[in-house]
Amino acid sequence: MAYALHFAASILACWLTAEVLAASTWTWRAPRVAIVCWQAVGLALGLSAMGLPMALGLAAYGQPTGSALVALATDLAHGTLPAGVGAVHLGLVGVGFGIGAVLLTTTVRSVYGTVRAQRRHRELLSLVARRDPTVPGALVLDHPSAAAYCLPGVKPRVVVSAGTLNLLDRAELAAVLTHERAHAQERHDLVLLPFTALGRALPWFRWVRHAQERVALLVEMRADDKARELHADAPLAGALRRFAAAGHRITPAGALGLGDRDLDVRVQRLLVPDRTPRLLGATALAVTTTLAALPISLFLN
Amino acid sequence: MTRLGDLERAVMDVLWDLVPGASDGVTVREVADALDGRELAYTTVMTVLDRLAGKGMVQRQREGRAWRYRAAASREAHIAQLMLDALDLGGSRDAALVRFARSVTGTEAEVLRAALSAEAGLTDRIEDPRAGQPPLADEATDR
């Protein structure tokens with residue numbers, strides 16, 4: 001029973017940590033640390049969600065979940081179950097494996113869907129996008145809407161629309177391209193993938209979706225930081241503002257939230273210089289790694 | 001870009017730029033003639049057209065003993081599809097792209113979607129690029 005309590009406490013701690021992380025603003029000044037924290041929380045949550053029903057079902061063994069599972073497998077192989085392990089308990093263990101299977105299959109399905117969409121997108125790009133001397137190394141789509149994005153993969157593509165070329169000046173464009181290359185180099189698509197998959201597996205939990213949005217914003221901030229290393233802050237902030245303004249100019253107030261709401265936050269961050277919160281970051285890292293280590297140790301013992 | 005990708009693009013350019021939309025399409029010979037400067041073998045052009053048909057980019061129709069080929073959708077429709085992905089309006093829940101920022105108005109989104117629905121069946125092919133047979137007009141189902 002004690003192990004089930006451990007898992008339950010771990011789930012509660014994950015929820016609390018996620019709430020705190022989502023509400024914190026220091027994360028904007030240390031996006032990379034914050035991303036690692038979110039990953040640790042996600043891992044801890046997934047393992048604890050599997051572990052809780054398993055530990056309940058295996059309470060009779062009085063061992064950590066990992067060794068209890070081995071003991072159960074041995075007993076099942078010999079056809080002799082100890083007293084206190086009935087159909088309900090086996091069912092609970094099954095539920096634990098079921099949760100694991102759901103998490104795994106949604107991730108696999110997400111990967112499959114993403115790879116397919118990317119392959120199709122890549123094929124179409126090679127047929128209709130053009131090179132342009134003003135944006136070396138990037139592809140241009142002839143369309144008046146403003147978009148700049150990265151098609152990730154082994155051979156990543158950075159794409160801007162003709163609308164973006166009109167919208168931004170040379171320095172702003174260079175900053176945007178560096179931002180996109182940072183996405184490609186650091187494989188931010190892989191960072192986002194498990195959170196997207198988790199959001200798909202548990203669509204009715206608002207805070208899971210919330211976590212996904214937070215991580216997406218942090219990934220953008222991380223790429224903004226990479227762009228700042230090479231360019232001044234002003235062009236990047238300028239590019240962000242122009243994107244924000246282009247959306248608002250024509251859209252009536254309150255109509256369709258299609259423009260990025262997070263643009264304002266990203267611009268503010270660039271304009272107000274602030275020191276990296278080392279102490280807060282280190283504390284958050286320590287807390288979240290402990291959080292992830294607890295369910296892992298219960299499974300490995 | 002690979003040589004094959006380069007050829008595919010050249011062939012699509014011919015179909016998009018030299019073939020009037022209302023025509024029944026062109027034969028392999030006509031495409032090869034249009035690509036005169038490249039001195040391509042007839043069979044090479046045919047292979048490229050077959051590949052493009054397999055990808056759903058090209059439709060073909062038998063006429064007598066020869067096939068006639070035409071682009072399945074306009075270049076603009078494909079660009080519109082890519083922009084829908086880029087602006088995250090495509091309805092996909094997968095994180096296939098990582099965006100810098102997007103800026104789109106309600107009107108723009110409508111225009112993009114209209115450009116797509118004007119091309120009957122385009123969405124079907126984009127969902128299922130490996131469909132074996134060239135899709136017929138009445139296969140444009142409402143999914």
# chains A, B, ... in the order shown; residues from 1 in each chain; ligands from 1

call {"tool": "residues_around", "arguments": {"residues": "range 88-99 of chain A", "least_positions_apart": "6", "cutoff": "6 Å", "atoms": "only C-alpha atoms", "output": "list in words"}}
result
Met50, Pro53, Met54 and Gly57 of chain A

call {"tool": "select_by_dssp", "arguments": {"residues": "range 109-150 of chain A", "states": "strand (DSSP E or B)", "output": "MDAnalysis selection string"}}
result
chainID A and resid 130:131 139:141 146:150

call {"tool": "closest_residue", "arguments": {"among": "A:Tyr112, A:Tyr149, A:Trp38, A:Trp204", "to": "chain B", "atoms": "only C-alpha atoms"}}
result
A:Tyr149

call {"tool": "select_by_dssp", "arguments": {"residues": "range 24-55 of chain B", "states": "helix (DSSP H, G or I)", "output": "list of chain:residue names"}}
result
B:Val28, B:Arg29, B:Glu30, B:Val31, B:Ala32, B:Asp33, B:Ala34, B:Asp36, B:Gly37, B:Arg38, B:Tyr42, B:Thr43, B:Thr44, B:Val45, B:Met46, B:Thr47, B:Val48, B:Leu49, B:Asp50, B:Arg51, B:Leu52, B:Ala53, B:Gly54

call {"tool": "closest_residue", "arguments": {"among": "A:His210, A:Arg269, A:Arg109, A:Arg275", "to": "chain B", "atoms": "only C-alpha atoms"}}
result
A:Arg109

call {"tool": "closest_residue", "arguments": {"among": "A:Phe243, A:Trp207, A:Trp26, A:Phe299", "to": "chain B", "atoms": "only C-alpha atoms"}}
result
A:Phe243

call {"tool": "closest_residue", "arguments": {"among": "A:Leu192, A:Leu198, A:Ile35, A:Leu285", "to": "chain B", "atoms": "only C-alpha atoms"}}
result
A:Leu192

call {"tool": "closest_residue", "arguments": {"among": "B:Tyr42, B:Arg3, B:Leu49, B:Ala10", "to": "chain A", "atoms": "only C-alpha atoms"}}
result
B:Ala10

call {"tool": "residues_around", "arguments": {"residues": "Leu294 in chain A", "least_positions_apart": "6", "cutoff": "9 Å", "atoms": "only C-alpha atoms", "output": "ChimeraX atom specification"}}
result
/A:6-7,10,44,48

call {"tool": "write_last_selection", "arguments": {"atoms": "N, CA and C atoms", "output": "compact mmCIF listing (two decimals), in the first residue's frame"}}
result
# COMPACT_ATOMS: atom_id res chain seq x y z
N HIS A 6 3.03 6.31 -2.60
CA HIS A 6 4.14 7.01 -3.27
C HIS A 6 3.71 7.53 -4.64
N PHE A 7 3.09 6.62 -5.42
CA PHE A 7 2.68 7.03 -6.77
C PHE A 7 1.61 8.12 -6.72
N SER A 10 3.17 11.26 -5.94
CA SER A 10 3.93 11.72 -7.11
C SER A 10 3.01 12.41 -8.12
N ALA A 44 7.49 11.87 -15.16
CA ALA A 44 7.04 11.44 -13.83
C ALA A 44 5.56 11.15 -13.84
N SER A 48 3.90 7.54 -13.13
CA SER A 48 3.07 7.43 -11.93
C SER A 48 1.66 6.97 -12.28

call {"tool": "atom_distance", "arguments": {"atom1": "CA of Thr106 in chain A", "atom2": "CA of Ser67 in chain A"}}
result
27.5 Å

call {"tool": "closest_residue", "arguments": {"among": "A:Ala211, A:Leu271, A:Val128, A:Leu139", "to": "chain B", "atoms": "only C-alpha atoms"}}
result
A:Val128

call {"tool": "residues_around", "arguments": {"residues": "Thr107 in chain A", "least_positions_apart": "2", "cutoff": "9 Å", "atoms": "only C-alpha atoms", "output": "ChimeraX atom specification"}}
result
/A:102-105,109-112,193-194,196-198,200-201

call {"tool": "residues_around", "arguments": {"residues": "Met1 in chain A", "least_positions_apart": "2", "cutoff": "8 Å", "atoms": "only C-alpha atoms", "output": "PyMOL selection string"}}
result
chain A and resi 3-5+55-56+59+62

call {"tool": "residues_around", "arguments": {"residues": "Asp189 in chain A", "least_positions_apart": "5", "cutoff": "12 Å", "atoms": "only C-alpha atoms", "output": "ChimeraX atom specification"}}
result
/A:110-111,114-115,118,149-154,156,180,182-184,194-197,215-216,219-220 /B:94-99

call {"tool": "residues_around", "arguments": {"residues": "range 26-33 of chain B", "least_positions_apart": "6", "cutoff": "9 Å", "atoms": "only C-alpha atoms", "output": "count of residues only"}}
result
18

call {"tool": "atom_distance", "arguments": {"atom1": "CA of Glu172 in chain A", "atom2": "CA of Val272 in chain A"}}
result
18.8 Å
